[in-house]
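S.K.: I have a structure here, written as structure tokens, and I will follow up with some questions on it.
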Amino acid sequence: MIDDAINRWATALDAGQRPVMLAGSNDVVDRLNRAAIDLLRERGVLDDGDAVYGGTRYHVGDRVTLRRNSHGERTLDGGLVDVANGQLGTVASVDGGRLVVRLDRAPGVDVVLDDRYLTRGGQISHGYAL
């Protein structure tokens with residue numbers, strides 16, 4: 001089941017789409033996300049630079065899902081942006097205890113997620129499977 005889902009996901013990715021796999025349990029979501037990350041690392045899409053944020057390891061290029069609404073998060077250029085639960089983005093950089101995430105819904109907006117987001121209850125997860 002996992003291999004079939006990953007093969008279909010990879011075919012859609014190769015066709016220029018931005019696919020998301022849907023699963024019926026958190027265990028399957030975790031397995032699909034891990035398999036997607038492994039495939040992307042094999043293909044050289046995800047670089048070797050990584051950081052642990054909120055207990056999970058992320059690479060530049062990883063797709064992520066924000067898991068908490070938060071108002072007034074900082075952007076890379078010093079502005080403020082609201083983020084929403086379920087919002088998707090791509091990790092643009094990893095730097096120690098923070099991630100910079102390029103938000104899908106706001107092209108060109110890079111939000112800086114640091115300890116402040118976490119202490120306010122913020123969470124993120126890989127966004128290849130939901």
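Labels used: A, B, ... for chains in the order of the structure tokens, numbers from 1 for residues in each chain, and numbers from 1 for ligands as shown.
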Which residues, written as a ChimeraX atom specification, have at least one atom at most 7 Å from range 8-21 of chain A, with only C-alpha atoms counted and residues fewer than 5 positions away on the same chain left out?
M.R.: /A:128-130
S.K.: Selection from above, N, CA and C atoms, as a JSON list (two decimals), in the first residue's frame, can you write it?
M.R.:
```
[["chain", "number", "residue", "atom", "x", "y", "z"],
["A", 128, "TYR", "N", 3.68, 15.98, 3.13],
["A", 128, "TYR", "CA", 3.53, 15.13, 1.94],
["A", 128, "TYR", "C", 2.27, 14.28, 2.03],
["A", 129, "ALA", "N", 1.92, 13.90, 3.25],
["A", 129, "ALA", "CA", 0.70, 13.10, 3.50],
["A", 129, "ALA", "C", -0.04, 13.72, 4.68],
["A", 130, "LEU", "N", -1.34, 13.70, 4.59],
["A", 130, "LEU", "CA", -2.20, 14.24, 5.65],
["A", 130, "LEU", "C", -3.21, 13.19, 6.06]]
```
S.K.: Mind the document's chain letters and residue numbers, and return as a PDB file with N, CA and C atoms, in the first residue's frame the residues of chain A that DSSP labels strand (DSSP E or B).
M.R.:
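What ended up in states23.pdb:
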```pdb
ATOM      1  N   MET A  21      -0.756  13.222  -0.334  1.00  0.00           N
ATOM      2  CA  MET A  21      -1.369  11.914  -0.103  1.00  0.00           C
ATOM      3  C   MET A  21      -2.274  12.006   1.122  1.00  0.00           C
ATOM      4  N   ASP A  50      20.006  20.085   7.642  1.00  0.00           N
ATOM      5  CA  ASP A  50      18.745  19.876   8.328  1.00  0.00           C
ATOM      6  C   ASP A  50      18.810  20.466   9.721  1.00  0.00           C
ATOM      7  N   ALA A  51      17.657  20.526  10.374  1.00  0.00           N
ATOM      8  CA  ALA A  51      17.564  21.012  11.743  1.00  0.00           C
ATOM      9  C   ALA A  51      16.386  20.334  12.410  1.00  0.00           C
ATOM     10  N   VAL A  52      16.479  20.203  13.715  1.00  0.00           N
ATOM     11  CA  VAL A  52      15.364  19.675  14.493  1.00  0.00           C
ATOM     12  C   VAL A  52      14.561  20.863  14.993  1.00  0.00           C
ATOM     13  N   TYR A  53      13.279  20.814  14.715  1.00  0.00           N
ATOM     14  CA  TYR A  53      12.372  21.881  15.159  1.00  0.00           C
ATOM     15  C   TYR A  53      11.133  21.215  15.739  1.00  0.00           C
ATOM     16  N   THR A  56      11.128  17.340  15.519  1.00  0.00           N
ATOM     17  CA  THR A  56      11.141  16.663  14.220  1.00  0.00           C
ATOM     18  C   THR A  56      12.250  17.249  13.347  1.00  0.00           C
ATOM     19  N   ARG A  57      12.886  16.403  12.563  1.00  0.00           N
ATOM     20  CA  ARG A  57      13.972  16.832  11.673  1.00  0.00           C
ATOM     21  C   ARG A  57      13.396  17.308  10.337  1.00  0.00           C
ATOM     22  N   TYR A  58      13.828  18.489   9.900  1.00  0.00           N
ATOM     23  CA  TYR A  58      13.389  19.069   8.627  1.00  0.00           C
ATOM     24  C   TYR A  58      14.593  19.432   7.774  1.00  0.00           C
ATOM     25  N   HIS A  59      14.408  19.348   6.454  1.00  0.00           N
ATOM     26  CA  HIS A  59      15.432  19.706   5.473  1.00  0.00           C
ATOM     27  C   HIS A  59      14.933  20.886   4.646  1.00  0.00           C
ATOM     28  N   ARG A  63       8.236  19.823   2.388  1.00  0.00           N
ATOM     29  CA  ARG A  63       6.864  20.340   2.443  1.00  0.00           C
ATOM     30  C   ARG A  63       6.368  20.178   3.871  1.00  0.00           C
ATOM     31  N   VAL A  64       5.744  21.222   4.409  1.00  0.00           N
ATOM     32  CA  VAL A  64       5.260  21.190   5.790  1.00  0.00           C
ATOM     33  C   VAL A  64       3.840  21.735   5.875  1.00  0.00           C
ATOM     34  N   THR A  65       3.173  21.324   6.948  1.00  0.00           N
ATOM     35  CA  THR A  65       1.837  21.802   7.274  1.00  0.00           C
ATOM     36  C   THR A  65       1.909  22.470   8.639  1.00  0.00           C
ATOM     37  N   LEU A  66       1.435  23.710   8.718  1.00  0.00           N
ATOM     38  CA  LEU A  66       1.363  24.389  10.008  1.00  0.00           C
ATOM     39  C   LEU A  66       0.153  23.853  10.752  1.00  0.00           C
ATOM     40  N   SER A  70      -1.884  31.262  14.326  1.00  0.00           N
ATOM     41  CA  SER A  70      -1.023  32.156  15.096  1.00  0.00           C
ATOM     42  C   SER A  70      -1.035  33.528  14.437  1.00  0.00           C
ATOM     43  N   HIS A  71      -1.166  34.537  15.252  1.00  0.00           N
ATOM     44  CA  HIS A  71      -1.212  35.915  14.764  1.00  0.00           C
ATOM     45  C   HIS A  71       0.115  36.612  15.019  1.00  0.00           C
ATOM     46  N   GLY A  72       0.549  37.379  14.049  1.00  0.00           N
ATOM     47  CA  GLY A  72       1.732  38.200  14.220  1.00  0.00           C
ATOM     48  C   GLY A  72       3.049  37.470  14.195  1.00  0.00           C
ATOM     49  N   GLU A  73       3.142  36.427  13.380  1.00  0.00           N
ATOM     50  CA  GLU A  73       4.451  35.773  13.213  1.00  0.00           C
ATOM     51  C   GLU A  73       5.322  36.655  12.331  1.00  0.00           C
ATOM     52  N   ARG A  74       6.605  36.645  12.598  1.00  0.00           N
ATOM     53  CA  ARG A  74       7.555  37.474  11.849  1.00  0.00           C
ATOM     54  C   ARG A  74       7.853  36.873  10.480  1.00  0.00           C
ATOM     55  N   THR A  75       8.010  37.754   9.508  1.00  0.00           N
ATOM     56  CA  THR A  75       8.466  37.321   8.193  1.00  0.00           C
ATOM     57  C   THR A  75       9.966  37.583   8.098  1.00  0.00           C
ATOM     58  N   LEU A  80       4.908  41.262   9.560  1.00  0.00           N
ATOM     59  CA  LEU A  80       4.097  40.353  10.353  1.00  0.00           C
ATOM     60  C   LEU A  80       3.099  39.641   9.452  1.00  0.00           C
ATOM     61  N   VAL A  81       2.808  38.385   9.784  1.00  0.00           N
ATOM     62  CA  VAL A  81       1.852  37.608   9.001  1.00  0.00           C
ATOM     63  C   VAL A  81       1.095  36.683   9.955  1.00  0.00           C
ATOM     64  N   ASP A  82      -0.171  36.464   9.664  1.00  0.00           N
ATOM     65  CA  ASP A  82      -0.952  35.472  10.396  1.00  0.00           C
ATOM     66  C   ASP A  82      -0.833  34.146   9.668  1.00  0.00           C
ATOM     67  N   VAL A  83      -0.681  33.064  10.423  1.00  0.00           N
ATOM     68  CA  VAL A  83      -0.636  31.732   9.831  1.00  0.00           C
ATOM     69  C   VAL A  83      -1.825  30.941  10.337  1.00  0.00           C
ATOM     70  N   LEU A  88      -0.123  25.135   4.178  1.00  0.00           N
ATOM     71  CA  LEU A  88       1.027  24.421   3.620  1.00  0.00           C
ATOM     72  C   LEU A  88       2.125  25.387   3.202  1.00  0.00           C
ATOM     73  N   GLY A  89       3.349  24.894   3.224  1.00  0.00           N
ATOM     74  CA  GLY A  89       4.477  25.678   2.778  1.00  0.00           C
ATOM     75  C   GLY A  89       5.683  24.779   2.546  1.00  0.00           C
ATOM     76  N   THR A  90       6.784  25.414   2.183  1.00  0.00           N
ATOM     77  CA  THR A  90       8.033  24.717   1.907  1.00  0.00           C
ATOM     78  C   THR A  90       9.133  25.325   2.760  1.00  0.00           C
ATOM     79  N   VAL A  91       9.942  24.484   3.391  1.00  0.00           N
ATOM     80  CA  VAL A  91      11.052  24.968   4.202  1.00  0.00           C
ATOM     81  C   VAL A  91      12.069  25.631   3.268  1.00  0.00           C
ATOM     82  N   ALA A  92      12.306  26.928   3.484  1.00  0.00           N
ATOM     83  CA  ALA A  92      13.235  27.692   2.657  1.00  0.00           C
ATOM     84  C   ALA A  92      14.635  27.698   3.261  1.00  0.00           C
ATOM     85  N   SER A  93      14.716  27.646   4.588  1.00  0.00           N
ATOM     86  CA  SER A  93      16.023  27.558   5.249  1.00  0.00           C
ATOM     87  C   SER A  93      15.846  27.003   6.655  1.00  0.00           C
ATOM     88  N   VAL A  94      16.918  26.422   7.150  1.00  0.00           N
ATOM     89  CA  VAL A  94      16.974  25.924   8.517  1.00  0.00           C
ATOM     90  C   VAL A  94      18.162  26.593   9.179  1.00  0.00           C
ATOM     91  N   ASP A  95      17.950  27.069  10.386  1.00  0.00           N
ATOM     92  CA  ASP A  95      19.009  27.809  11.060  1.00  0.00           C
ATOM     93  C   ASP A  95      18.879  27.557  12.554  1.00  0.00           C
ATOM     94  N   ARG A  98      15.357  27.474  14.372  1.00  0.00           N
ATOM     95  CA  ARG A  98      14.250  28.081  13.637  1.00  0.00           C
ATOM     96  C   ARG A  98      14.184  27.546  12.215  1.00  0.00           C
ATOM     97  N   LEU A  99      12.978  27.646  11.662  1.00  0.00           N
ATOM     98  CA  LEU A  99      12.748  27.309  10.257  1.00  0.00           C
ATOM     99  C   LEU A  99      12.187  28.537   9.566  1.00  0.00           C
ATOM    100  N   VAL A 100      12.561  28.722   8.339  1.00  0.00           N
ATOM    101  CA  VAL A 100      11.920  29.732   7.502  1.00  0.00           C
ATOM    102  C   VAL A 100      11.080  28.967   6.492  1.00  0.00           C
ATOM    103  N   VAL A 101       9.763  29.250   6.494  1.00  0.00           N
ATOM    104  CA  VAL A 101       8.823  28.528   5.650  1.00  0.00           C
ATOM    105  C   VAL A 101       8.206  29.488   4.641  1.00  0.00           C
ATOM    106  N   ARG A 102       8.312  29.137   3.362  1.00  0.00           N
ATOM    107  CA  ARG A 102       7.678  29.898   2.283  1.00  0.00           C
ATOM    108  C   ARG A 102       6.241  29.400   2.165  1.00  0.00           C
ATOM    109  N   LEU A 103       5.301  30.270   2.448  1.00  0.00           N
ATOM    110  CA  LEU A 103       3.888  29.907   2.494  1.00  0.00           C
ATOM    111  C   LEU A 103       3.285  29.789   1.104  1.00  0.00           C
ATOM    112  N   ASP A 110       7.948  34.635   3.434  1.00  0.00           N
ATOM    113  CA  ASP A 110       8.703  33.643   4.188  1.00  0.00           C
ATOM    114  C   ASP A 110       8.516  33.932   5.670  1.00  0.00           C
ATOM    115  N   VAL A 111       7.847  33.028   6.375  1.00  0.00           N
ATOM    116  CA  VAL A 111       7.595  33.210   7.798  1.00  0.00           C
ATOM    117  C   VAL A 111       8.692  32.525   8.596  1.00  0.00           C
ATOM    118  N   VAL A 112       9.144  33.185   9.651  1.00  0.00           N
ATOM    119  CA  VAL A 112      10.186  32.658  10.522  1.00  0.00           C
ATOM    120  C   VAL A 112       9.501  31.986  11.705  1.00  0.00           C
ATOM    121  N   LEU A 113       9.670  30.667  11.799  1.00  0.00           N
ATOM    122  CA  LEU A 113       9.107  29.921  12.915  1.00  0.00           C
ATOM    123  C   LEU A 113      10.230  29.583  13.885  1.00  0.00           C
ATOM    124  N   ILE A 124       4.280  22.059  13.675  1.00  0.00           N
ATOM    125  CA  ILE A 124       4.292  21.803  12.240  1.00  0.00           C
ATOM    126  C   ILE A 124       4.562  20.311  12.034  1.00  0.00           C
ATOM    127  N   SER A 125       4.215  19.839  10.875  1.00  0.00           N
ATOM    128  CA  SER A 125       4.497  18.449  10.516  1.00  0.00           C
ATOM    129  C   SER A 125       4.843  18.404   9.030  1.00  0.00           C
ATOM    130  N   HIS A 126       5.430  17.306   8.619  1.00  0.00           N
ATOM    131  CA  HIS A 126       5.693  17.134   7.191  1.00  0.00           C
ATOM    132  C   HIS A 126       4.356  17.157   6.444  1.00  0.00           C
ATOM    133  N   ALA A 129       1.923  13.902   3.254  1.00  0.00           N
ATOM    134  CA  ALA A 129       0.698  13.102   3.496  1.00  0.00           C
ATOM    135  C   ALA A 129      -0.037  13.721   4.685  1.00  0.00           C
TER     136      ALA A 129
END
```
S.K.: Interatomic distance between CA of Val109 in chain A and CA of Arg41 in chain A?
M.R.: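 Taking CA of Val109 in chain A and CA of Arg41 in chain A, their separation equals 25.3 Å.
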S.K.: To one decimal in Å, tell me the separation between CA of Arg68 in chain A and CA of Gln87 in chain A.
M.R.: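 Spanning CA of Arg68 in chain A to CA of Gln87 in chain A is a straight-line distance of 8.8 Å.
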S.K.: So, with only C-alpha atoms as the atoms that count, which of A:Leu76, A:Ala84, A:Ala106, A:Val29 lies closest to Gly122 in chain A?
M.R.: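 Between A:Leu76, A:Ala84, A:Ala106, A:Val29, the residue approaching Gly122 in chain A most closely is A:Ala84.
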S.K.: Quick one: residues within 10 Å of Val45 in chain A, only C-alpha atoms, excluding same-chain residues fewer than 4 positions away - as a list of chain:residue names?
M.R.: A:Ile37, A:Leu39, A:Leu40, A:Arg41, A:His59, A:Val60, A:Gly61, A:Asp62
S.K.: With N, CA and C atoms retained, could you export that selection as a JSON list (two decimals), in the first residue's frame?
M.R.:
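Below is the file that was written, again22.json:
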```
[["chain", "number", "residue", "atom", "x", "y", "z"],
["A", 37, "ILE", "N", 10.03, 11.51, 2.00],
["A", 37, "ILE", "CA", 11.30, 12.15, 2.32],
["A", 37, "ILE", "C", 12.47, 11.30, 1.82],
["A", 39, "LEU", "N", 12.51, 9.19, -0.67],
["A", 39, "LEU", "CA", 12.56, 9.29, -2.12],
["A", 39, "LEU", "C", 13.16, 10.62, -2.56],
["A", 40, "LEU", "N", 12.74, 11.71, -1.94],
["A", 40, "LEU", "CA", 13.26, 13.03, -2.32],
["A", 40, "LEU", "C", 14.74, 13.17, -1.99],
["A", 41, "ARG", "N", 15.18, 12.56, -0.92],
["A", 41, "ARG", "CA", 16.61, 12.59, -0.60],
["A", 41, "ARG", "C", 17.40, 11.77, -1.61],
["A", 59, "HIS", "N", 14.41, 19.35, 6.45],
["A", 59, "HIS", "CA", 15.43, 19.71, 5.47],
["A", 59, "HIS", "C", 14.93, 20.89, 4.65],
["A", 60, "VAL", "N", 15.86, 21.64, 4.10],
["A", 60, "VAL", "CA", 15.48, 22.67, 3.12],
["A", 60, "VAL", "C", 14.79, 21.95, 1.96],
["A", 61, "GLY", "N", 13.63, 22.46, 1.57],
["A", 61, "GLY", "CA", 12.85, 21.86, 0.49],
["A", 61, "GLY", "C", 11.71, 21.00, 0.99],
["A", 62, "ASP", "N", 11.69, 20.64, 2.28],
["A", 62, "ASP", "CA", 10.60, 19.84, 2.83],
["A", 62, "ASP", "C", 9.27, 20.58, 2.73]]
```
S.K.: Counting only C-alpha atoms, figure out which residue out of A:Gly54, A:Asp48, A:Asp114, A:Ala5 gets nearest to Asn33 in chain A.
M.R.: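 With only C-alpha atoms as the atom set, the closest residue is A:Ala5.
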S.K.: Between A:Asn26, A:Arg43, A:Asn69, A:Arg116, which residue has the minimum interatomic distance to Gly86 in chain A, considering only C-alpha atoms?
M.R.: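 Closest to Gly86 in chain A, using only C-alpha atoms: A:Asn69.
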S.K.: Quick one: DSSP alpha helix (DSSP H) residues in range 13-56 of chain A, as a VMD selection string?
M.R.: chain A and resid 13 to 14 26 to 42
S.K.: Take CA of Asp27 in chain A and CA of Gly121 in chain A and report the distance between them in Å, one decimal.
M.R.: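 Here the two named atoms are 22.3 Å from each other.
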S.K.: Measuring between only C-alpha atoms, which one of A:Ser25, A:Gly108, A:Asp30, A:Ala35 shows the shortest distance to Asp3 in chain A?
M.R.: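 Closest to Asp3 in chain A of all the choices is A:Ala35.
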S.K.: With only C-alpha atoms as the atoms that count, which of A:Gly78, A:Ala36, A:Pro107, A:Gly44 lies nearest to Ile6 in chain A?
M.R.: A:Ala36
S.K.: Name the closest residue to Asp115 in chain A among the candidates A:Glu42, A:Gly55, A:Asn85, A:Ile2; distances are taken between atoms, counting only C-alpha atoms.
M.R.: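 Ranked by minimum distance to Asp115 in chain A, first place goes to A:Gly55.
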